[in-house]
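Dumped work_23.cif below, it's mmCIF, C-alpha atoms:
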data_input
#
loop_
_atom_site.group_PDB
_atom_site.id
_atom_site.type_symbol
_atom_site.label_atom_id
_atom_site.label_comp_id
_atom_site.auth_asym_id
_atom_site.auth_seq_id
_atom_site.Cartn_x
_atom_site.Cartn_y
_atom_site.Cartn_z
ATOM 1 C CA MET I 1 68.400 47.320 106.391
ATOM 2 C CA PRO I 2 67.504 47.680 102.699
ATOM 3 C CA ALA I 3 70.280 48.019 100.149
ATOM 4 C CA LEU I 4 71.427 51.456 99.090
ATOM 5 C CA ILE I 5 71.781 52.069 95.352
ATOM 6 C CA ARG I 6 74.506 54.647 94.854
ATOM 7 C CA PRO I 7 77.223 55.760 92.413
ATOM 8 C CA LEU I 8 80.508 53.891 92.400
ATOM 9 C CA GLU I 9 83.204 55.492 94.577
ATOM 10 C CA PRO I 10 87.030 55.261 94.485
ATOM 11 C CA GLY I 11 87.116 53.153 97.656
ATOM 12 C CA ASP I 12 84.896 50.513 96.034
ATOM 13 C CA HIS I 13 87.634 49.151 93.776
ATOM 14 C CA ASP I 14 88.204 45.743 95.384
ATOM 15 C CA GLN I 15 84.514 44.945 95.879
ATOM 16 C CA TRP I 16 83.642 46.253 92.410
ATOM 17 C CA ARG I 17 86.380 44.075 90.920
ATOM 18 C CA ARG I 18 85.031 40.987 92.709
ATOM 19 C CA LEU I 19 81.549 41.632 91.330
ATOM 20 C CA TRP I 20 82.690 42.448 87.796
ATOM 21 C CA THR I 21 84.888 39.352 87.763
ATOM 22 C CA GLY I 22 81.808 37.304 88.693
ATOM 23 C CA TYR I 23 79.860 38.947 85.886
ATOM 24 C CA LEU I 24 82.583 38.214 83.345
ATOM 25 C CA ALA I 25 82.889 34.620 84.564
ATOM 26 C CA PHE I 26 79.138 34.118 84.105
ATOM 27 C CA TYR I 27 79.614 35.014 80.443
ATOM 28 C CA GLN I 28 82.671 32.753 80.264
ATOM 29 C CA THR I 29 85.130 35.536 79.583
ATOM 30 C CA SER I 30 87.880 37.495 81.269
ATOM 31 C CA VAL I 31 89.784 40.690 80.599
ATOM 32 C CA PRO I 32 93.437 41.677 81.027
ATOM 33 C CA GLU I 33 94.573 43.632 84.080
ATOM 34 C CA GLU I 34 94.849 46.781 81.974
ATOM 35 C CA VAL I 35 91.130 46.582 81.134
ATOM 36 C CA TYR I 36 90.187 46.329 84.824
ATOM 37 C CA ALA I 37 92.256 49.413 85.626
ATOM 38 C CA THR I 38 91.063 51.420 82.625
ATOM 39 C CA THR I 39 87.419 50.522 83.145
ATOM 40 C CA PHE I 40 87.449 51.478 86.827
ATOM 41 C CA THR I 41 89.151 54.794 86.027
ATOM 42 C CA ARG I 42 86.625 55.540 83.282
ATOM 43 C CA LEU I 43 83.680 54.642 85.520
ATOM 44 C CA LEU I 44 84.843 57.284 87.999
ATOM 45 C CA GLY I 45 85.753 59.887 85.378
ATOM 46 C CA SER I 46 83.879 62.997 84.348
ATOM 47 C CA ASP I 47 83.732 62.402 80.575
ATOM 48 C CA PRO I 48 80.015 62.263 79.703
ATOM 49 C CA ARG I 49 80.817 59.808 76.885
ATOM 50 C CA ASP I 50 82.226 57.253 79.340
ATOM 51 C CA PHE I 51 80.230 54.667 81.239
ATOM 52 C CA SER I 52 78.728 55.392 84.626
ATOM 53 C CA ALA I 53 78.317 52.860 87.416
ATOM 54 C CA LEU I 54 75.873 52.254 90.210
ATOM 55 C CA VAL I 55 76.296 49.729 93.002
ATOM 56 C CA ALA I 56 73.976 48.067 95.480
ATOM 57 C CA GLU I 57 75.419 48.276 98.997
ATOM 58 C CA GLN I 58 74.153 46.654 102.172
ATOM 59 C CA ASP I 59 75.948 46.742 105.518
ATOM 60 C CA GLY I 60 79.153 47.980 103.855
ATOM 61 C CA GLN I 61 79.197 45.176 101.271
ATOM 62 C CA LEU I 62 78.685 45.673 97.551
ATOM 63 C CA LEU I 63 76.168 43.100 96.345
ATOM 64 C CA GLY I 64 75.479 44.282 92.809
ATOM 65 C CA LEU I 65 76.567 46.620 90.037
ATOM 66 C CA THR I 66 75.455 48.119 86.788
ATOM 67 C CA HIS I 67 77.400 49.980 84.104
ATOM 68 C CA TYR I 68 75.520 52.221 81.677
ATOM 69 C CA LEU I 69 76.248 54.733 78.938
ATOM 70 C CA PHE I 70 74.399 57.564 77.208
ATOM 71 C CA HIS I 71 74.881 57.898 73.462
ATOM 72 C CA ARG I 72 73.397 59.537 70.400
ATOM 73 C CA HIS I 73 70.886 57.703 68.256
ATOM 74 C CA CYS I 74 70.022 58.377 64.628
ATOM 75 C CA TRP I 75 66.300 57.850 65.222
ATOM 76 C CA LYS I 76 65.978 60.288 68.134
ATOM 77 C CA ILE I 77 67.139 63.801 68.941
ATOM 78 C CA GLU I 78 67.701 62.851 72.572
ATOM 79 C CA GLU I 79 70.423 60.485 73.661
ATOM 80 C CA VAL I 80 69.531 56.931 74.648
ATOM 81 C CA CYS I 81 70.899 54.817 77.476
ATOM 82 C CA TYR I 82 72.669 51.494 77.025
ATOM 83 C CA LEU I 83 72.834 49.328 80.136
ATOM 84 C CA GLN I 84 75.887 47.179 79.412
ATOM 85 C CA ASP I 85 76.541 45.245 82.618
ATOM 86 C CA LEU I 86 74.161 44.183 85.386
ATOM 87 C CA TYR I 87 75.239 41.751 88.064
ATOM 88 C CA VAL I 88 74.068 40.706 91.504
ATOM 89 C CA ALA I 89 76.206 38.427 93.647
ATOM 90 C CA PRO I 90 74.726 34.908 93.827
ATOM 91 C CA GLU I 91 74.208 35.135 97.600
ATOM 92 C CA ALA I 92 72.101 38.300 97.168
ATOM 93 C CA ARG I 93 69.807 37.205 94.353
ATOM 94 C CA GLY I 94 66.060 37.093 94.763
ATOM 95 C CA ILE I 95 65.777 40.118 97.080
ATOM 96 C CA GLY I 96 65.116 42.754 94.410
ATOM 97 C CA LEU I 97 68.595 44.171 93.813
ATOM 98 C CA GLY I 98 68.546 43.532 90.054
ATOM 99 C CA ARG I 99 65.236 45.356 89.741
ATOM 100 C CA ALA I 100 66.482 48.184 91.962
ATOM 101 C CA LEU I 101 69.608 48.625 89.843
ATOM 102 C CA ILE I 102 67.595 48.660 86.601
ATOM 103 C CA GLU I 103 65.140 51.158 88.069
ATOM 104 C CA ALA I 104 68.057 53.347 89.167
ATOM 105 C CA VAL I 105 69.341 53.343 85.577
ATOM 106 C CA TYR I 106 65.818 54.212 84.415
ATOM 107 C CA ALA I 107 65.857 57.150 86.862
ATOM 108 C CA ALA I 108 69.276 58.295 85.602
ATOM 109 C CA ALA I 109 67.984 58.124 82.024
ATOM 110 C CA ASP I 110 64.892 60.132 82.959
ATOM 111 C CA ALA I 111 67.049 62.751 84.700
ATOM 112 C CA ALA I 112 69.239 62.995 81.578
ATOM 113 C CA GLY I 113 66.229 63.288 79.248
ATOM 114 C CA ALA I 114 67.001 59.963 77.575
ATOM 115 C CA PRO I 115 63.693 58.382 76.507
ATOM 116 C CA ALA I 116 65.050 54.885 75.909
ATOM 117 C CA VAL I 117 67.038 52.377 77.965
ATOM 118 C CA TYR I 118 68.103 49.115 76.364
ATOM 119 C CA TRP I 119 70.383 46.153 77.042
ATOM 120 C CA LEU I 120 71.413 42.778 75.693
ATOM 121 C CA THR I 121 71.554 39.389 77.359
ATOM 122 C CA GLN I 122 72.291 35.904 76.195
ATOM 123 C CA ASP I 123 69.385 33.587 75.510
ATOM 124 C CA PHE I 124 70.520 31.114 78.204
ATOM 125 C CA ASN I 125 70.329 33.735 80.957
ATOM 126 C CA HIS I 126 66.916 32.413 82.043
ATOM 127 C CA GLU I 127 66.942 33.657 85.631
ATOM 128 C CA ALA I 128 67.712 37.247 84.667
ATOM 129 C CA ARG I 129 65.302 37.135 81.744
ATOM 130 C CA GLN I 130 62.444 36.438 84.161
ATOM 131 C CA LEU I 131 63.180 39.823 85.734
ATOM 132 C CA TYR I 132 63.754 41.535 82.395
ATOM 133 C CA ASP I 133 60.377 40.322 81.142
ATOM 134 C CA ARG I 134 58.759 42.129 84.086
ATOM 135 C CA VAL I 135 60.608 45.449 83.772
ATOM 136 C CA ALA I 136 61.143 45.771 80.014
ATOM 137 C CA ARG I 137 59.927 44.677 76.607
ATOM 138 C CA VAL I 138 61.904 42.134 74.609
ATOM 139 C CA SER I 139 63.075 43.353 71.203
ATOM 140 C CA PRO I 140 62.891 41.354 67.975
ATOM 141 C CA PHE I 141 66.401 42.463 66.969
ATOM 142 C CA ILE I 142 69.151 39.903 66.454
ATOM 143 C CA ARG I 143 72.726 40.950 67.140
ATOM 144 C CA TYR I 144 75.569 40.324 64.703
ATOM 145 C CA ASN I 145 79.274 40.697 65.495
ATOM 146 C CA ARG I 146 82.174 41.257 63.158
ATOM 147 C CA PRO I 147 84.238 38.059 62.914
ATOM 148 C CA LEU I 148 87.623 38.154 64.568
ATOM 149 C CA PRO I 149 90.522 38.380 62.098
#

Encoded form (structure tokens):
Amino acid sequence: MPALIRPLEPGDHDQWRRLWTGYLAFYQTSVPEEVYATTFTRLLGSDPRDFSALVAEQDGQLLGLTHYLFHRHCWKIEEVCYLQDLYVAPEARGIGLGRALIEAVYAAADAAGAPAVYWLTQDFNHEARQLYDRVARVSPFIRYNRPLP
């Protein structure tokens, strides 16, 4: 049975947490318990300024997730879509779930009238970048972060 791409639901908490923890670990980071709770609540909320979430489900198991956000942009009248998190469990990679999740975000952006979808990844994320090179165009922008105090 092919995976179902669907919105995150309240009953998904434990499986979502397992996936998001894997995502954070890949990027060698973690978040406090309060961030897990707040993020999950926001993902399920109705505030259009909060992130939305989609999951890939197969046989009752969540195998992937994506978090995305619509926001204003000074160069466009329409909002744009930022895809912040994309993760597929290691045991489910290579079967098209990453592409399906990205395409579902593209569809959500189209439905919202957002002409642009963008995301960031680290340069060492070679496996994912092979997919990204097929479904998107790499940008020449370089990201800078404010130094921590």

Name the residues that the PyMOL selection byres ((chain I and resi 126-129) around 10) picks from the file above, as a ChimeraX atom specification, using the file's chain letters and numbers.
-> /I:86-88,93-94,98-99,121-125,130-136,138

Nearest-residue call for Leu65 (chain I), choices I:Asp14, I:Glu9, I:Glu33, I:Asp85, using only C-alpha atoms |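 Looking only at the distances to Leu65 (chain I), the closest residue turns out to be I:Asp85.
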
Answer as number ranges by chain, residues within 12 Å of (72.7, 39.6, 94.9) using all atoms listed in the file = I: 3, 19, 22-23, 55-58, 61-65, 86-101, 128

Please identify all polymer residues within 9 Å of Ala116 (chain I), counting only C-alpha atoms, omitting same-chain residues fewer than 6 positions from it, and present them as a PyMOL selection string.
-> chain I and resi 79-82+106+109-110

For Ala108 (chain I), which residue among I:Ile142, I:Val35, I:Leu54, I:Cys74 is the nearest when counting all atoms listed in the file?
-> I:Leu54

Best match for closeness to Pro115 (chain I) among I:Asp12, I:Asp50, I:Glu34, I:Glu78, counting only C-alpha atoms =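 Between I:Asp12, I:Asp50, I:Glu34, I:Glu78, the residue approaching Pro115 (chain I) most closely is I:Glu78.
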
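The space separating CA of Ile77 (chain I) from CA of Val117 (chain I) comes to 14.6 Å.
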
Would you work out the distance separating CA of Arg143 (chain I) from CA of Leu120 (chain I), expressed in Å to one decimal?
->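 Going from CA of Arg143 (chain I) over to CA of Leu120 (chain I) covers 8.8 Å.
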
Show me, as lines of an AutoDock Vina configuration file, the centre and edge lengths in Å to one decimal of the axis-aligned box that covers every listed atom of region 55-69 of chain I with 8 Å on each side.
center_x = 76.6
center_y = 48.9
center_z = 92.2
size_x = 21.2
size_y = 27.6
size_z = 42.6

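Taking CA of Gln84 (chain I) as the reference point, CA of Tyr68 (chain I) is found at 5.5 Å.
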
Can you work out which one of I:Phe70, I:Trp16, I:Tyr36, I:Trp75 has the shortest atom-to-atom distance to Arg49 (chain I), counting only C-alpha atoms?
-> I:Phe70

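Here the question is which of I:Ala112, I:Trp119, I:Pro48, I:Gln15 gets nearest to Arg137 (chain I) using all atoms listed in the file, and that residue is I:Trp119.
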
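Each of I:Ala114, I:Ile5, I:Asn145, I:Ser139 was compared to His73 (chain I) using only C-alpha atoms, and I:Ala114 turns out to be the nearest.
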
Can you turn the PyMOL selection byres ((chain I and resi 43) around 10) into a concrete residue list for this file, as a short mmCIF file (atom, residue, chain, number, x, y, z; two decimals) with C-alpha atoms, keeping the file's coordinate frame?
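Result went into expr_13.cif, see below:
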data_model
loop_
_atom_site.label_atom_id
_atom_site.label_comp_id
_atom_site.auth_asym_id
_atom_site.auth_seq_id
_atom_site.Cartn_x
_atom_site.Cartn_y
_atom_site.Cartn_z
CA PRO I 7 77.22 55.76 92.41
CA LEU I 8 80.51 53.89 92.40
CA GLU I 9 83.20 55.49 94.58
CA PRO I 10 87.03 55.26 94.48
CA THR I 38 91.06 51.42 82.62
CA THR I 39 87.42 50.52 83.14
CA PHE I 40 87.45 51.48 86.83
CA THR I 41 89.15 54.79 86.03
CA ARG I 42 86.62 55.54 83.28
CA LEU I 44 84.84 57.28 88.00
CA GLY I 45 85.75 59.89 85.38
CA SER I 46 83.88 63.00 84.35
CA ASP I 47 83.73 62.40 80.58
CA ASP I 50 82.23 57.25 79.34
CA PHE I 51 80.23 54.67 81.24
CA SER I 52 78.73 55.39 84.63
CA ALA I 53 78.32 52.86 87.42
CA LEU I 54 75.87 52.25 90.21
CA HIS I 67 77.40 49.98 84.10
CA TYR I 68 75.52 52.22 81.68
CA LEU I 69 76.25 54.73 78.94
#

Rebuild region 46-62 of chain I so that it carries N, CA, C and O atoms, then output the result as a JSON list (two decimals), in the frame of the given file.
[["chain", "number", "residue", "atom", "x", "y", "z"],
["I", 46, "SER", "N", 84.90, 61.97, 84.59],
["I", 46, "SER", "CA", 83.88, 63.00, 84.35],
["I", 46, "SER", "C", 83.49, 63.14, 82.88],
["I", 46, "SER", "O", 82.68, 63.99, 82.55],
["I", 47, "ASP", "N", 84.06, 62.33, 82.00],
["I", 47, "ASP", "CA", 83.73, 62.40, 80.58],
["I", 47, "ASP", "C", 82.31, 61.88, 80.37],
["I", 47, "ASP", "O", 82.02, 60.73, 80.67],
["I", 48, "PRO", "N", 81.40, 62.71, 79.87],
["I", 48, "PRO", "CA", 80.02, 62.26, 79.70],
["I", 48, "PRO", "C", 79.86, 61.15, 78.68],
["I", 48, "PRO", "O", 78.82, 60.51, 78.62],
["I", 49, "ARG", "N", 80.87, 60.89, 77.87],
["I", 49, "ARG", "CA", 80.82, 59.81, 76.89],
["I", 49, "ARG", "C", 81.27, 58.48, 77.47],
["I", 49, "ARG", "O", 81.17, 57.45, 76.83],
["I", 50, "ASP", "N", 81.81, 58.49, 78.69],
["I", 50, "ASP", "CA", 82.23, 57.25, 79.34],
["I", 50, "ASP", "C", 81.05, 56.62, 80.08],
["I", 50, "ASP", "O", 80.02, 57.26, 80.32],
["I", 51, "PHE", "N", 81.24, 55.38, 80.45],
["I", 51, "PHE", "CA", 80.23, 54.67, 81.24],
["I", 51, "PHE", "C", 80.13, 55.24, 82.64],
["I", 51, "PHE", "O", 81.09, 55.80, 83.17],
["I", 52, "SER", "N", 78.97, 55.09, 83.22],
["I", 52, "SER", "CA", 78.73, 55.39, 84.63],
["I", 52, "SER", "C", 78.44, 54.08, 85.33],
["I", 52, "SER", "O", 78.11, 53.08, 84.68],
["I", 53, "ALA", "N", 78.56, 54.08, 86.65],
["I", 53, "ALA", "CA", 78.32, 52.86, 87.42],
["I", 53, "ALA", "C", 77.51, 53.17, 88.65],
["I", 53, "ALA", "O", 77.70, 54.19, 89.31],
["I", 54, "LEU", "N", 76.62, 52.24, 88.96],
["I", 54, "LEU", "CA", 75.87, 52.25, 90.21],
["I", 54, "LEU", "C", 76.14, 50.92, 90.90],
["I", 54, "LEU", "O", 76.35, 49.90, 90.24],
["I", 55, "VAL", "N", 76.11, 50.95, 92.23],
["I", 55, "VAL", "CA", 76.30, 49.73, 93.00],
["I", 55, "VAL", "C", 75.18, 49.61, 94.02],
["I", 55, "VAL", "O", 74.58, 50.60, 94.43],
["I", 56, "ALA", "N", 74.92, 48.36, 94.40],
["I", 56, "ALA", "CA", 73.98, 48.07, 95.48],
["I", 56, "ALA", "C", 74.81, 47.71, 96.70],
["I", 56, "ALA", "O", 75.60, 46.77, 96.66],
["I", 57, "GLU", "N", 74.63, 48.47, 97.78],
["I", 57, "GLU", "CA", 75.42, 48.28, 99.00],
["I", 57, "GLU", "C", 74.50, 47.96, 100.18],
["I", 57, "GLU", "O", 73.46, 48.60, 100.35],
["I", 58, "GLN", "N", 74.90, 46.98, 100.96],
["I", 58, "GLN", "CA", 74.15, 46.65, 102.17],
["I", 58, "GLN", "C", 75.17, 46.30, 103.26],
["I", 58, "GLN", "O", 76.04, 45.45, 103.05],
["I", 59, "ASP", "N", 75.06, 46.98, 104.39],
["I", 59, "ASP", "CA", 75.95, 46.74, 105.52],
["I", 59, "ASP", "C", 77.42, 46.82, 105.12],
["I", 59, "ASP", "O", 78.25, 46.00, 105.54],
["I", 60, "GLY", "N", 77.77, 47.78, 104.26],
["I", 60, "GLY", "CA", 79.15, 47.98, 103.86],
["I", 60, "GLY", "C", 79.65, 47.04, 102.77],
["I", 60, "GLY", "O", 80.80, 47.14, 102.34],
["I", 61, "GLN", "N", 78.81, 46.13, 102.31],
["I", 61, "GLN", "CA", 79.20, 45.18, 101.27],
["I", 61, "GLN", "C", 78.51, 45.52, 99.96],
["I", 61, "GLN", "O", 77.30, 45.77, 99.93],
["I", 62, "LEU", "N", 79.28, 45.50, 98.87],
["I", 62, "LEU", "CA", 78.68, 45.67, 97.55],
["I", 62, "LEU", "C", 78.14, 44.33, 97.10],
["I", 62, "LEU", "O", 78.84, 43.32, 97.09]]
